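Participant: Here it is, the structure in full.
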Amino acid sequence: MGPVRDKINALASKGRTVAVASFDGKPAALIAFADEAKKDAKQALDRLRALDIETVMITGDNEQTAKAVAEEVGVERVLANVRPEGKADEVSKLQSQGDSVAMVGDGVNDAPALAQADLGIAIGAGTDVAIESAGMALSGERLGAVADAIELSRATPASSSRTCSGPLRTTRSVSRWQPGCSTPSPAGLCRPWWRRQRWPCRASPLWRTALRLQRFHPK
């Protein structure tokens, strides 16, 4: 078994899962399996690191295979030999360390972990149960869409704060005094016609933010 074991280890170091076929109790062949990493995986993970997000891979593969894949695509931490029902537990452990966890998955086995995470992100081409368990479903199979969504979410509050500041000041000043009233109105009440006049000021942050975000482009 020495030479066979060496070949198994060599294949595992390249990210392969190996099965041994035997004949009359002796090894006859090695069958190596591998899941190909998505073409944009490395680029997507590089973008997440640039956003100051730590990446962790939770997998049922053995540690040697998992580390080979992680090294190929640039994952920072590896949790290997995790049974399907244990993925949610691993997410819970990360949360217990004070981390906010976003889980990305597409399979039936990922569903409990997607539900456990602070944010479950399902790949749009995944199973229905994964999509139903997640808080967000991405169209297509691009992992880069995860970074796109995070960049967009971070751009939205910044845009909203710029568009809201002016209308909010206007609304506060109107609440103190309403034109058309002989005296300032107690309890911030005003006549119906003036409420209709004020509504565009209150609604403007919504459409101004939407128009501003139309110019958003992922990095």
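By convention here, the chains of the structure tokens are called A, B, ... in the order presented, each chain's residues are numbered starting at 1, and ligands are numbered starting at 1 in the order presented.
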I'd like the neighbourhood of range 108-117 of chain A as number ranges by chain, where a residue qualifies if any of its atoms comes within 9 Å (using only C-alpha atoms), though same-chain residues fewer than 2 positions away should be ignored.

Facilitator: A: 84-92, 95, 100-106, 119-122, 126-135

Participant: Based on the selection just made, write N, CA, C and O atoms of those residues as a compact mmCIF listing (two decimals), in the first residue's frame.

Facilitator:
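Result file is again.txt:
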# COMPACT_ATOMS: atom_id res chain seq x y z
N PRO A 84 -22.79 17.48 6.73
CA PRO A 84 -23.82 18.43 6.27
C PRO A 84 -24.60 19.08 7.40
O PRO A 84 -24.84 20.30 7.38
N GLU A 85 -24.98 18.29 8.42
CA GLU A 85 -25.76 18.86 9.52
C GLU A 85 -24.90 19.72 10.45
O GLU A 85 -25.44 20.41 11.32
N GLY A 86 -23.59 19.69 10.26
CA GLY A 86 -22.70 20.46 11.12
C GLY A 86 -22.37 21.85 10.60
O GLY A 86 -21.76 22.65 11.32
N LYS A 87 -22.77 22.16 9.38
CA LYS A 87 -22.44 23.47 8.82
C LYS A 87 -23.10 24.60 9.60
O LYS A 87 -22.49 25.63 9.87
N ALA A 88 -24.35 24.40 9.99
CA ALA A 88 -25.04 25.43 10.78
C ALA A 88 -24.35 25.62 12.13
O ALA A 88 -24.27 26.75 12.64
N ASP A 89 -23.85 24.53 12.72
CA ASP A 89 -23.14 24.64 13.99
C ASP A 89 -21.86 25.46 13.83
O ASP A 89 -21.51 26.25 14.72
N GLU A 90 -21.16 25.27 12.73
CA GLU A 90 -19.94 26.04 12.50
C GLU A 90 -20.24 27.52 12.32
O GLU A 90 -19.49 28.38 12.80
N VAL A 91 -21.34 27.82 11.65
CA VAL A 91 -21.76 29.22 11.51
C VAL A 91 -22.08 29.81 12.88
O VAL A 91 -21.69 30.94 13.21
N SER A 92 -22.76 29.03 13.72
CA SER A 92 -23.10 29.48 15.07
C SER A 92 -21.85 29.74 15.90
O SER A 92 -21.79 30.71 16.68
N GLN A 95 -20.44 33.03 14.95
CA GLN A 95 -21.25 34.10 15.52
C GLN A 95 -20.97 34.29 17.00
O GLN A 95 -20.99 35.42 17.51
N SER A 100 -20.25 38.88 12.59
CA SER A 100 -21.45 38.83 11.77
C SER A 100 -21.12 37.94 10.57
O SER A 100 -20.12 38.16 9.90
N VAL A 101 -21.96 36.96 10.33
CA VAL A 101 -21.64 35.93 9.34
C VAL A 101 -22.62 35.98 8.17
O VAL A 101 -23.84 35.95 8.38
N ALA A 102 -22.07 36.03 6.98
CA ALA A 102 -22.86 35.83 5.76
C ALA A 102 -22.46 34.49 5.17
O ALA A 102 -21.27 34.22 5.00
N MET A 103 -23.43 33.66 4.91
CA MET A 103 -23.20 32.32 4.38
C MET A 103 -23.63 32.27 2.92
O MET A 103 -24.74 32.70 2.58
N VAL A 104 -22.75 31.78 2.06
CA VAL A 104 -23.07 31.65 0.64
C VAL A 104 -23.16 30.17 0.31
O VAL A 104 -22.24 29.40 0.63
N GLY A 105 -24.25 29.74 -0.30
CA GLY A 105 -24.41 28.33 -0.63
C GLY A 105 -25.45 28.13 -1.70
O GLY A 105 -26.19 29.05 -2.06
N ASP A 106 -25.51 26.90 -2.22
CA ASP A 106 -26.47 26.61 -3.28
C ASP A 106 -27.10 25.23 -3.19
O ASP A 106 -27.93 24.87 -4.02
N LEU A 119 -26.79 36.69 7.47
CA LEU A 119 -27.28 36.90 6.11
C LEU A 119 -26.99 35.66 5.29
O LEU A 119 -25.83 35.28 5.12
N GLY A 120 -28.04 35.00 4.82
CA GLY A 120 -27.87 33.85 3.94
C GLY A 120 -27.95 34.31 2.49
O GLY A 120 -28.89 35.00 2.11
N ILE A 121 -26.96 33.95 1.70
CA ILE A 121 -26.91 34.35 0.29
C ILE A 121 -26.93 33.09 -0.56
O ILE A 121 -25.98 32.30 -0.53
N ALA A 122 -28.00 32.90 -1.31
CA ALA A 122 -28.12 31.72 -2.16
C ALA A 122 -27.74 32.07 -3.59
O ALA A 122 -28.14 33.12 -4.09
N GLY A 126 -28.97 27.63 -7.59
CA GLY A 126 -28.97 26.57 -6.59
C GLY A 126 -30.33 25.91 -6.43
O GLY A 126 -31.27 26.17 -7.18
N THR A 127 -30.44 25.06 -5.41
CA THR A 127 -31.68 24.33 -5.17
C THR A 127 -32.74 25.26 -4.58
O THR A 127 -32.43 26.28 -3.97
N ASP A 128 -34.00 24.86 -4.74
CA ASP A 128 -35.10 25.68 -4.23
C ASP A 128 -35.03 25.84 -2.72
O ASP A 128 -35.31 26.91 -2.19
N VAL A 129 -34.67 24.77 -2.00
CA VAL A 129 -34.65 24.84 -0.55
C VAL A 129 -33.56 25.81 -0.07
O VAL A 129 -33.74 26.52 0.93
N ALA A 130 -32.44 25.87 -0.78
CA ALA A 130 -31.39 26.82 -0.41
C ALA A 130 -31.87 28.25 -0.63
O ALA A 130 -31.65 29.14 0.20
N ILE A 131 -32.54 28.48 -1.75
CA ILE A 131 -33.03 29.82 -2.06
C ILE A 131 -34.09 30.26 -1.04
O ILE A 131 -34.10 31.41 -0.59
N GLU A 132 -34.97 29.32 -0.65
CA GLU A 132 -36.01 29.65 0.33
C GLU A 132 -35.42 29.93 1.71
O GLU A 132 -35.96 30.72 2.48
N SER A 133 -34.30 29.30 2.04
CA SER A 133 -33.70 29.45 3.37
C SER A 133 -32.89 30.73 3.48
O SER A 133 -32.61 31.19 4.60
N ALA A 134 -32.47 31.29 2.37
CA ALA A 134 -31.58 32.44 2.37
C ALA A 134 -32.36 33.75 2.46
O ALA A 134 -33.54 33.81 2.14
N GLY A 135 -31.66 34.78 2.91
CA GLY A 135 -32.27 36.10 2.94
C GLY A 135 -32.10 36.85 1.64
O GLY A 135 -32.77 37.85 1.39

Participant: If we count only C-alpha atoms and set the cut-off at 12 Å, which residues sit around Asp46 in chain A, ignoring sequence neighbours fewer than 5 positions away in its own chain? Please answer as a list of chain:residue names.

Facilitator: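 Skipping anything fewer than 5 positions along the chain leaves A:Asp40, A:Ala41, A:Leu51, A:Asp52, A:Ile53, A:Glu54, A:Thr55, A:Val73, A:Gly74, A:Val75, A:Glu76, A:Leu143, A:Gly144, A:Val146, A:Ala147, A:Lys219.
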
Participant: Excluding Gly124 in chain A and residues on its chain fewer than 3 positions from it, collect all residues at most 7 Å away from it, counting only C-alpha atoms, and give them as a CSV table (one decimal) with all heavy atoms, in the first residue's frame.

Facilitator:
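Result written to part-v3.csv:
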chain,number,residue,atom,x,y,z
A,137,ALA,N,-31.1,36.1,-2.7
A,137,ALA,CA,-30.9,35.1,-3.8
A,137,ALA,C,-30.3,35.9,-4.9
A,137,ALA,O,-30.8,36.9,-5.4
A,137,ALA,CB,-32.1,34.4,-4.2
A,138,LEU,N,-29.1,35.5,-5.4
A,138,LEU,CA,-28.5,36.1,-6.5
A,138,LEU,C,-28.8,35.4,-7.8
A,138,LEU,O,-28.9,34.2,-7.9
A,138,LEU,CB,-26.9,36.1,-6.3
A,138,LEU,CG,-26.5,36.7,-5.0
A,138,LEU,CD1,-24.9,36.5,-4.9
A,138,LEU,CD2,-26.8,38.2,-4.9
A,139,SER,N,-29.0,36.2,-8.9
A,139,SER,CA,-29.3,35.6,-10.2
A,139,SER,C,-28.0,35.1,-10.8
A,139,SER,O,-27.0,35.7,-10.6
A,139,SER,CB,-30.0,36.6,-11.1
A,139,SER,OG,-29.1,37.8,-11.3
A,140,GLY,N,-28.1,34.0,-11.5
A,140,GLY,CA,-26.9,33.5,-12.2
A,140,GLY,C,-26.0,32.7,-11.2
A,140,GLY,O,-26.4,32.5,-10.1
A,141,GLU,N,-24.8,32.4,-11.7
A,141,GLU,CA,-23.9,31.6,-10.9
A,141,GLU,C,-22.6,32.4,-10.6
A,141,GLU,O,-21.7,31.8,-10.0
A,141,GLU,CB,-23.5,30.4,-11.7
A,141,GLU,CG,-24.7,29.5,-12.0
A,141,GLU,CD,-24.3,28.2,-12.7
A,141,GLU,OE1,-23.1,27.9,-12.7
A,141,GLU,OE2,-25.2,27.5,-13.2
